[in-house]
$ cat query_21.tsv   # TSV, C-alpha atoms and all ligand atoms
chain	number	residue	atom	x	y	z
A	26	MET	CA	0.00	0.00	0.00
A	27	LYS	CA	1.38	3.40	-0.93
A	28	TYR	CA	-0.74	5.21	1.64
A	29	LYS	CA	-1.05	3.86	5.17
A	30	ARG	CA	-3.39	6.43	6.68
A	31	ILE	CA	-5.93	8.10	4.42
A	32	LEU	CA	-8.68	10.65	4.69
A	33	LEU	CA	-11.56	9.85	2.38
A	34	LYS	CA	-13.91	12.71	1.47
A	35	LEU	CA	-17.34	11.68	0.22
A	36	SER	CA	-19.95	14.14	-0.93
A	37	GLY	CA	-23.39	14.14	0.61
A	38	GLU	CA	-24.99	14.59	-2.78
A	39	ALA	CA	-23.58	11.30	-4.07
A	40	LEU	CA	-25.58	9.49	-1.38
A	41	GLN	CA	-28.80	10.40	-3.19
A	42	GLY	CA	-27.95	8.13	-6.08
A	43	SER	CA	-29.02	8.96	-9.61
A	44	SER	CA	-32.78	8.69	-8.99
A	45	LYS	CA	-32.66	11.40	-6.27
A	46	SER	CA	-35.88	9.87	-4.94
A	47	THR	CA	-34.49	9.67	-1.42
A	48	ASN	CA	-31.89	11.62	0.56
A	49	ILE	CA	-29.94	8.51	1.44
A	50	ASP	CA	-29.87	5.69	-1.08
A	51	THR	CA	-28.82	2.69	1.01
A	52	SER	CA	-27.53	0.85	-2.06
A	53	ILE	CA	-24.91	3.60	-2.48
A	54	LEU	CA	-23.94	3.22	1.16
A	55	GLU	CA	-23.60	-0.53	0.71
A	56	GLN	CA	-21.40	0.00	-2.33
A	57	TYR	CA	-19.19	2.48	-0.44
A	58	CYS	CA	-18.83	0.11	2.50
A	59	ALA	CA	-17.75	-2.73	0.23
A	60	GLU	CA	-15.06	-0.47	-1.24
A	61	ILE	CA	-13.91	0.70	2.20
A	62	LYS	CA	-13.80	-2.90	3.48
A	63	LEU	CA	-11.25	-3.77	0.79
A	64	LEU	CA	-8.91	-1.15	2.32
A	65	LYS	CA	-9.62	-2.19	5.88
A	66	ASP	CA	-8.73	-5.79	5.05
A	67	GLN	CA	-5.31	-4.52	3.94
A	68	GLY	CA	-4.75	-2.72	7.26
A	69	VAL	CA	-5.12	0.81	5.91
A	70	GLU	CA	-6.03	3.38	8.57
A	71	ILE	CA	-9.15	5.19	7.43
A	72	ALA	CA	-10.68	8.52	8.37
A	73	ILE	CA	-13.78	9.74	6.55
A	74	VAL	CA	-15.49	13.10	6.09
A	75	ILE	CA	-18.91	13.02	4.51
A	76	GLY	CA	-20.76	16.10	3.24
A	77	GLY	CA	-24.35	17.11	3.80
A	78	GLY	CA	-25.38	18.53	0.44
A	79	ASN	CA	-28.08	15.86	-0.07
A	80	ILE	CA	-29.95	17.29	2.93
A	81	PHE	CA	-28.98	20.94	3.40
A	82	ARG	CA	-26.31	23.43	2.45
A	83	GLY	CA	-25.75	26.77	4.15
A	84	GLY	CA	-25.79	28.43	0.75
A	85	GLN	CA	-29.50	27.58	0.41
A	86	ALA	CA	-30.46	29.34	3.63
A	87	GLU	CA	-30.94	32.94	2.56
A	88	ALA	CA	-33.35	32.07	-0.28
A	89	LEU	CA	-35.48	30.34	2.36
A	90	GLY	CA	-35.43	33.35	4.69
A	91	ILE	CA	-33.02	31.59	7.04
A	92	ASP	CA	-29.99	33.41	8.41
A	93	ARG	CA	-26.75	32.20	6.76
A	94	VAL	CA	-25.02	31.17	9.97
A	95	GLN	CA	-28.11	29.26	11.10
A	96	GLY	CA	-28.12	27.60	7.67
A	97	ASP	CA	-24.51	26.57	8.04
A	98	TYR	CA	-25.25	24.89	11.35
A	99	MET	CA	-28.18	23.13	9.66
A	100	GLY	CA	-25.69	21.95	7.01
A	101	MET	CA	-23.34	20.69	9.72
A	102	LEU	CA	-26.17	18.76	11.36
A	103	ALA	CA	-27.00	17.28	7.93
A	104	THR	CA	-23.48	15.85	7.77
A	105	VAL	CA	-24.07	14.12	11.10
A	106	ILE	CA	-27.18	12.40	9.72
A	107	ASN	CA	-25.13	11.09	6.79
A	108	ALA	CA	-22.25	10.14	9.08
A	109	MET	CA	-24.60	8.14	11.32
A	110	ALA	CA	-26.03	6.30	8.31
A	111	LEU	CA	-22.51	5.54	7.07
A	112	GLN	CA	-21.42	4.42	10.54
A	113	SER	CA	-24.30	1.93	10.72
A	114	SER	CA	-23.50	0.52	7.30
A	115	LEU	CA	-19.80	0.15	8.08
A	116	GLU	CA	-20.62	-1.68	11.28
A	117	ARG	CA	-23.04	-3.94	9.48
A	118	HIS	CA	-20.11	-4.86	7.25
A	119	GLY	CA	-18.09	-5.86	10.33
A	120	MET	CA	-15.90	-2.78	10.68
A	121	TYR	CA	-15.25	-0.94	13.93
A	122	THR	CA	-15.99	2.77	13.81
A	123	ARG	CA	-16.06	5.95	15.85
A	124	LEU	CA	-18.00	9.07	14.98
A	125	MET	CA	-16.37	12.30	16.17
A	126	ALA	CA	-18.10	15.61	15.70
A	127	GLY	CA	-17.06	19.22	15.54
A	128	ILE	CA	-20.19	20.15	17.52
A	129	LYS	CA	-20.87	18.59	20.91
A	130	MET	CA	-23.66	16.01	20.78
A	131	GLU	CA	-22.60	13.45	23.29
A	132	GLN	CA	-25.60	11.13	22.96
A	133	VAL	CA	-24.63	10.25	19.40
A	134	CYS	CA	-20.92	10.90	18.99
A	135	GLU	CA	-17.64	11.79	20.60
A	136	PRO	CA	-16.28	15.31	20.50
A	137	PHE	CA	-13.31	15.72	18.15
A	138	ILE	CA	-10.14	15.36	20.19
A	139	ARG	CA	-7.10	15.07	17.96
A	140	ARG	CA	-5.05	12.67	20.07
A	141	ARG	CA	-8.05	10.46	20.57
A	142	ALA	CA	-8.80	10.41	16.86
A	143	ILE	CA	-5.23	9.28	16.16
A	144	ARG	CA	-5.52	6.59	18.82
A	145	HIS	CA	-8.71	5.26	17.24
A	146	LEU	CA	-6.96	5.09	13.87
A	147	GLU	CA	-3.99	3.26	15.38
A	148	LYS	CA	-6.40	0.74	16.91
A	149	GLY	CA	-7.89	0.06	13.49
A	150	ARG	CA	-11.16	1.90	13.97
A	151	ILE	CA	-12.59	3.86	11.09
A	152	VAL	CA	-13.05	7.43	12.27
A	153	ILE	CA	-15.85	9.48	10.72
A	154	PHE	CA	-15.67	13.22	11.27
A	155	GLY	CA	-19.17	14.69	11.44
A	156	ALA	CA	-20.48	18.25	11.80
A	157	GLY	CA	-17.64	19.75	9.82
A	158	ILE	CA	-15.11	21.71	11.80
A	159	GLY	CA	-17.96	23.10	13.87
A	160	ASN	CA	-17.79	26.61	12.43
A	161	PRO	CA	-20.00	28.34	9.87
A	162	TYR	CA	-18.61	29.59	6.55
A	163	PHE	CA	-16.59	26.44	6.05
A	164	THR	CA	-17.28	23.35	3.96
A	165	THR	CA	-16.72	19.67	4.39
A	166	ASP	CA	-13.85	19.92	1.88
A	167	SER	CA	-12.10	22.26	4.32
A	168	THR	CA	-12.95	19.83	7.10
A	169	ALA	CA	-11.35	17.04	5.11
A	170	SER	CA	-8.11	19.01	4.58
A	171	LEU	CA	-7.91	20.23	8.16
A	172	ARG	CA	-8.66	16.89	9.82
A	173	ALA	CA	-6.28	15.10	7.43
A	174	ILE	CA	-3.48	17.42	8.51
A	175	GLU	CA	-4.40	17.10	12.18
A	176	VAL	CA	-4.39	13.29	12.17
A	177	GLN	CA	-1.32	13.18	9.89
A	178	ALA	CA	-3.01	11.37	7.04
A	179	ASP	CA	-0.79	10.66	4.03
A	180	VAL	CA	-3.34	11.82	1.48
A	181	VAL	CA	-6.83	13.26	0.97
A	182	LEU	CA	-8.89	11.09	-1.38
A	183	LYS	CA	-11.75	12.98	-2.91
A	184	GLY	CA	-14.27	10.45	-4.18
A	185	THR	CA	-16.47	11.89	-6.91
A	186	ARG	CA	-18.53	10.68	-9.87
A	187	VAL	CA	-15.86	11.72	-12.38
A	188	ASP	CA	-12.55	9.95	-12.67
A	189	GLY	CA	-10.29	12.92	-12.06
A	190	VAL	CA	-9.58	16.53	-12.92
A	191	TYR	CA	-10.10	17.53	-16.55
A	192	THR	CA	-8.99	20.42	-18.73
A	193	LYS	CA	-12.70	21.39	-18.86
A	194	ASP	CA	-16.02	19.96	-17.70
A	195	PRO	CA	-16.06	16.39	-19.13
A	196	GLU	CA	-19.84	16.17	-18.73
A	197	LYS	CA	-20.23	19.10	-21.15
A	198	TYR	CA	-17.19	18.84	-23.42
A	199	PRO	CA	-16.33	15.45	-24.97
A	200	ASP	CA	-12.85	16.68	-25.93
A	201	ALA	CA	-11.91	17.39	-22.29
A	202	VAL	CA	-8.66	15.67	-21.27
A	203	ARG	CA	-7.94	14.20	-17.85
A	204	TYR	CA	-4.80	15.20	-15.96
A	205	LYS	CA	-2.96	12.24	-14.45
A	206	THR	CA	-0.92	14.47	-12.17
A	207	LEU	CA	-0.87	18.16	-11.37
A	208	SER	CA	1.23	20.34	-9.14
A	209	PHE	CA	-0.61	22.54	-6.65
A	210	GLN	CA	0.77	25.55	-8.48
A	211	GLU	CA	-0.56	24.38	-11.86
A	212	ALA	CA	-3.98	23.60	-10.41
A	213	TYR	CA	-4.07	27.03	-8.80
A	214	GLU	CA	-2.95	28.92	-11.92
A	215	LYS	CA	-5.38	27.04	-14.16
A	216	ASN	CA	-8.14	27.74	-11.66
A	217	LEU	CA	-9.17	24.08	-11.67
A	218	ASN	CA	-12.01	23.54	-9.28
A	219	ILE	CA	-10.62	20.74	-7.15
A	220	MET	CA	-11.79	21.85	-3.74
A	221	ASP	CA	-12.81	25.23	-2.41
A	222	MET	CA	-9.92	27.63	-1.97
A	223	THR	CA	-9.65	27.24	1.83
A	224	ALA	CA	-9.46	23.47	1.52
A	225	PHE	CA	-7.04	23.62	-1.40
A	226	THR	CA	-4.70	26.13	0.27
A	227	LEU	CA	-4.55	24.06	3.46
A	228	CYS	CA	-3.36	21.05	1.46
A	229	MET	CA	-0.93	23.09	-0.60
A	230	GLU	CA	0.68	24.81	2.38
A	231	ASN	CA	1.02	21.56	4.27
A	232	LYS	CA	2.19	19.53	1.26
A	233	LEU	CA	-0.68	17.11	1.67
A	234	PRO	CA	-1.43	15.39	-1.66
A	235	ILE	CA	-4.99	15.18	-2.97
A	236	ILE	CA	-6.28	12.48	-5.29
A	237	VAL	CA	-9.55	13.08	-7.14
A	238	PHE	CA	-10.98	9.76	-8.31
A	239	ASP	CA	-14.19	8.02	-9.31
A	240	MET	CA	-15.71	6.43	-6.21
A	241	ASN	CA	-18.41	4.66	-8.22
A	242	THR	CA	-16.10	2.30	-10.09
A	243	LYS	CA	-15.60	-0.99	-8.26
A	244	GLY	CA	-12.10	-1.50	-6.86
A	245	ASN	CA	-10.99	2.04	-7.66
A	246	LEU	CA	-10.51	3.15	-4.06
A	247	LEU	CA	-8.14	0.25	-3.38
A	248	LYS	CA	-6.30	0.96	-6.63
A	249	VAL	CA	-5.74	4.58	-5.63
A	250	VAL	CA	-4.46	3.62	-2.17
A	251	LYS	CA	-2.06	1.10	-3.70
A	252	GLY	CA	-0.62	3.98	-5.69
A	253	GLU	CA	-1.86	2.70	-9.04
A	254	GLU	CA	-2.79	5.24	-11.66
A	255	ALA	CA	-6.48	6.18	-11.32
A	256	GLY	CA	-7.85	9.68	-11.13
A	257	THR	CA	-5.70	12.79	-10.74
A	258	LEU	CA	-2.94	13.22	-8.19
A	259	ILE	CA	-2.33	16.81	-7.07
A	260	SER	CA	0.92	17.19	-5.14
A	301	LIG	N1	-20.66	23.44	6.93
A	301	LIG	C1	-20.17	24.46	7.73
A	301	LIG	N2	-18.95	24.29	8.36
A	301	LIG	C2	-18.20	23.18	8.18
A	301	LIG	C3	-18.68	22.15	7.33
A	301	LIG	C4	-19.92	22.30	6.73
A	301	LIG	O1	-20.79	25.48	7.90
A	301	LIG	O2	-17.11	23.08	8.78
A	301	LIG	C5	-22.02	23.54	6.34
A	301	LIG	C6	-22.08	24.40	5.08
A	301	LIG	O3	-23.26	25.16	5.14
A	301	LIG	C7	-22.19	23.37	3.97
A	301	LIG	C8	-22.98	22.26	4.63
A	301	LIG	O4	-22.49	22.26	5.99
A	301	LIG	O5	-22.87	23.89	2.86
A	301	LIG	C9	-22.87	20.89	4.03
A	301	LIG	O6	-21.54	20.58	3.69
A	301	LIG	P1	-21.01	20.58	2.17
A	301	LIG	O7	-21.77	21.56	1.35
A	301	LIG	O8	-19.56	20.71	2.21
A	301	LIG	O9	-21.41	19.12	1.71
A	301	LIG	P2	-21.17	18.38	0.29
A	301	LIG	O10	-21.22	19.41	-0.80
A	301	LIG	O11	-19.83	17.72	0.35
A	301	LIG	O12	-22.27	17.36	0.23
$ encode --input "query_21.tsv" --output "structure tokens" --more "lines below"
Ligand code: UDP
Amino acid sequence: MKYKRILLKLSGEALQGSSKSTNIDTSILEQYCAEIKLLKDQGVEIAIVIGGGNIFRGGQAEALGIDRVQGDYMGMLATVINAMALQSSLERHGMYTRLMAGIKMEQVCEPFIRRRAIRHLEKGRIVIFGAGIGNPYFTTDSTASLRAIEVQADVVLKGTRVDGVYTKDPEKYPDAVRYKTLSFQEAYEKNLNIMDMTAFTLCMENKLPIIVFDMNTKGNLLKVVKGEEAGTLIS
């Protein structure tokens, strides 16, 4: 395995599946757990951040007459709902997990304590970080970068529905070309939308590589962690 401790970022929106008929499509969760289990079986230490966009995003708040900060907290709570669903699925697949949140909610999860998170990882537990970093005006991408740095992960793996970073939007332009590797500087200069700027800068300044890859292709997550070419590596 090229990477021994990883931080996997999953978007909330992906949990809806293509039909979008439900907020949480359990078949997607099952599929994710099967992929994650392949890593666990190889002894990889796994931390996960999952978004909340399938339920609520702070950016939607103002149009609904809700204060932005209130909306951001609603978004953070949405991530906890997804994290709890993911936790249940992982445990059903026989993995040990801990859910740690950036907002105190002791009936359902532990508070985020860095040393404790590292200890859980060392003991082989999958650690899910819920409720973002606990502050408004941030995203779960920023949470992923920050927590990855805090727990000394080797890489941030951003699981998406496209297989990497392209010269232009591959869903609109058939002639778009995928980058296999990119430097942080190149990605910045070309204004490639890999993560929001806060998240991206945190990785760049701390020399934490990011891999954008397709989470929906079977076996891809394991491939990426082995260091095989799949997706785009930004370093
Ligand atoms: N959020 C926040 N602070 C954080 C993390 C998340 O305020 O540290 C809020 C923000 O409103 C965001 C929402 O939670 O829109 C859901 O997260 P995100 O949009 O990143 O989810 P994703 O797009 O990955 O599903």
$ residues_around --input "query_21.tsv" --residues "Ala169 (chain A)" --least-positions-apart "5" --cutoff "10 Å" --atoms "all atoms listed in the file" --output "PyMOL selection string"
chain A and resi 32-35+72-76+154+157-158+164+174-175+181-183+224+227-228
$ write_last_selection --input "query_21.tsv" --atoms "C-alpha atoms" --output "PDB file, in the frame of the given file"
ATOM      1  CA  LEU A  32      -8.680  10.650   4.690  1.00  0.00           C
ATOM      2  CA  LEU A  33     -11.560   9.850   2.380  1.00  0.00           C
ATOM      3  CA  LYS A  34     -13.910  12.710   1.470  1.00  0.00           C
ATOM      4  CA  LEU A  35     -17.340  11.680   0.220  1.00  0.00           C
ATOM      5  CA  ALA A  72     -10.680   8.520   8.370  1.00  0.00           C
ATOM      6  CA  ILE A  73     -13.780   9.740   6.550  1.00  0.00           C
ATOM      7  CA  VAL A  74     -15.490  13.100   6.090  1.00  0.00           C
ATOM      8  CA  ILE A  75     -18.910  13.020   4.510  1.00  0.00           C
ATOM      9  CA  GLY A  76     -20.760  16.100   3.240  1.00  0.00           C
ATOM     10  CA  PHE A 154     -15.670  13.220  11.270  1.00  0.00           C
ATOM     11  CA  GLY A 157     -17.640  19.750   9.820  1.00  0.00           C
ATOM     12  CA  ILE A 158     -15.110  21.710  11.800  1.00  0.00           C
ATOM     13  CA  THR A 164     -17.280  23.350   3.960  1.00  0.00           C
ATOM     14  CA  ILE A 174      -3.480  17.420   8.510  1.00  0.00           C
ATOM     15  CA  GLU A 175      -4.400  17.100  12.180  1.00  0.00           C
ATOM     16  CA  VAL A 181      -6.830  13.260   0.970  1.00  0.00           C
ATOM     17  CA  LEU A 182      -8.890  11.090  -1.380  1.00  0.00           C
ATOM     18  CA  LYS A 183     -11.750  12.980  -2.910  1.00  0.00           C
ATOM     19  CA  ALA A 224      -9.460  23.470   1.520  1.00  0.00           C
ATOM     20  CA  LEU A 227      -4.550  24.060   3.460  1.00  0.00           C
ATOM     21  CA  CYS A 228      -3.360  21.050   1.460  1.00  0.00           C
TER      22      CYS A 228
END
$ closest_residue --input "query_21.tsv" --among "A:Arg150, A:Arg172, A:Lys193, A:Lys62" --to "ligand LIG 301 (chain A)" --atoms "all atoms listed in the file"
A:Arg172
$ closest_residue --input "query_21.tsv" --among "A:Leu54, A:Val133, A:Leu146, A:Ala156" --to "ligand LIG 301 (chain A)" --atoms "only C-alpha atoms and all ligand atoms"
A:Ala156
$ closest_residue --input "query_21.tsv" --among "A:Leu40, A:Ile219, A:Leu115, A:Leu64" --to "ligand LIG 301 (chain A)" --atoms "all atoms listed in the file"
A:Leu40
$ closest_residue --input "query_21.tsv" --among "A:Asp239, A:Gln132, A:Glu196, A:Val190" --to "Ser36 (chain A)" --atoms "all atoms listed in the file"
A:Asp239
$ residues_near_ligand --input "query_21.tsv" --ligand "ligand LIG 301 (chain A)" --cutoff "10 Å" --atoms "all atoms listed in the file" --output "number ranges by chain"
A: 34-40, 74-86, 93-105, 107, 127-128, 155-169, 171, 183, 185, 220-221
$ residues_around --input "query_21.tsv" --residues "region 243-252 of chain A" --least-positions-apart "3" --cutoff "8 Å" --atoms "only C-alpha atoms" --output "list in words"
Met26, Lys27, Tyr28, Glu60, Ile61, Leu63, Leu64, Ile236, Phe238, Asp239, Met240, Ala255 and Gly256 of chain A
$ atom_distance --input "query_21.tsv" --atom1 "CA of Glu70 (chain A)" --atom2 "CA of Met125 (chain A)"
15.6 Å
$ residues_around --input "query_21.tsv" --residues "region 209-215 of chain A" --least-positions-apart "4" --cutoff "8 Å" --atoms "all atoms listed in the file" --output "PDB file with C-alpha atoms, in the coordinates of the input"
ATOM      1  CA  ILE A 219     -10.620  20.740  -7.150  1.00  0.00           C
ATOM      2  CA  MET A 229      -0.930  23.090  -0.600  1.00  0.00           C
ATOM      3  CA  ILE A 259      -2.330  16.810  -7.070  1.00  0.00           C
ATOM      4  CA  SER A 260       0.920  17.190  -5.140  1.00  0.00           C
TER       5      SER A 260
END
$ atom_distance --input "query_21.tsv" --atom1 "CA of Glu55 (chain A)" --atom2 "CA of Ser43 (chain A)"
15.0 Å
$ atom_distance --input "query_21.tsv" --atom1 "CA of Ala178 (chain A)" --atom2 "CA of Ile31 (chain A)"
5.1 Å
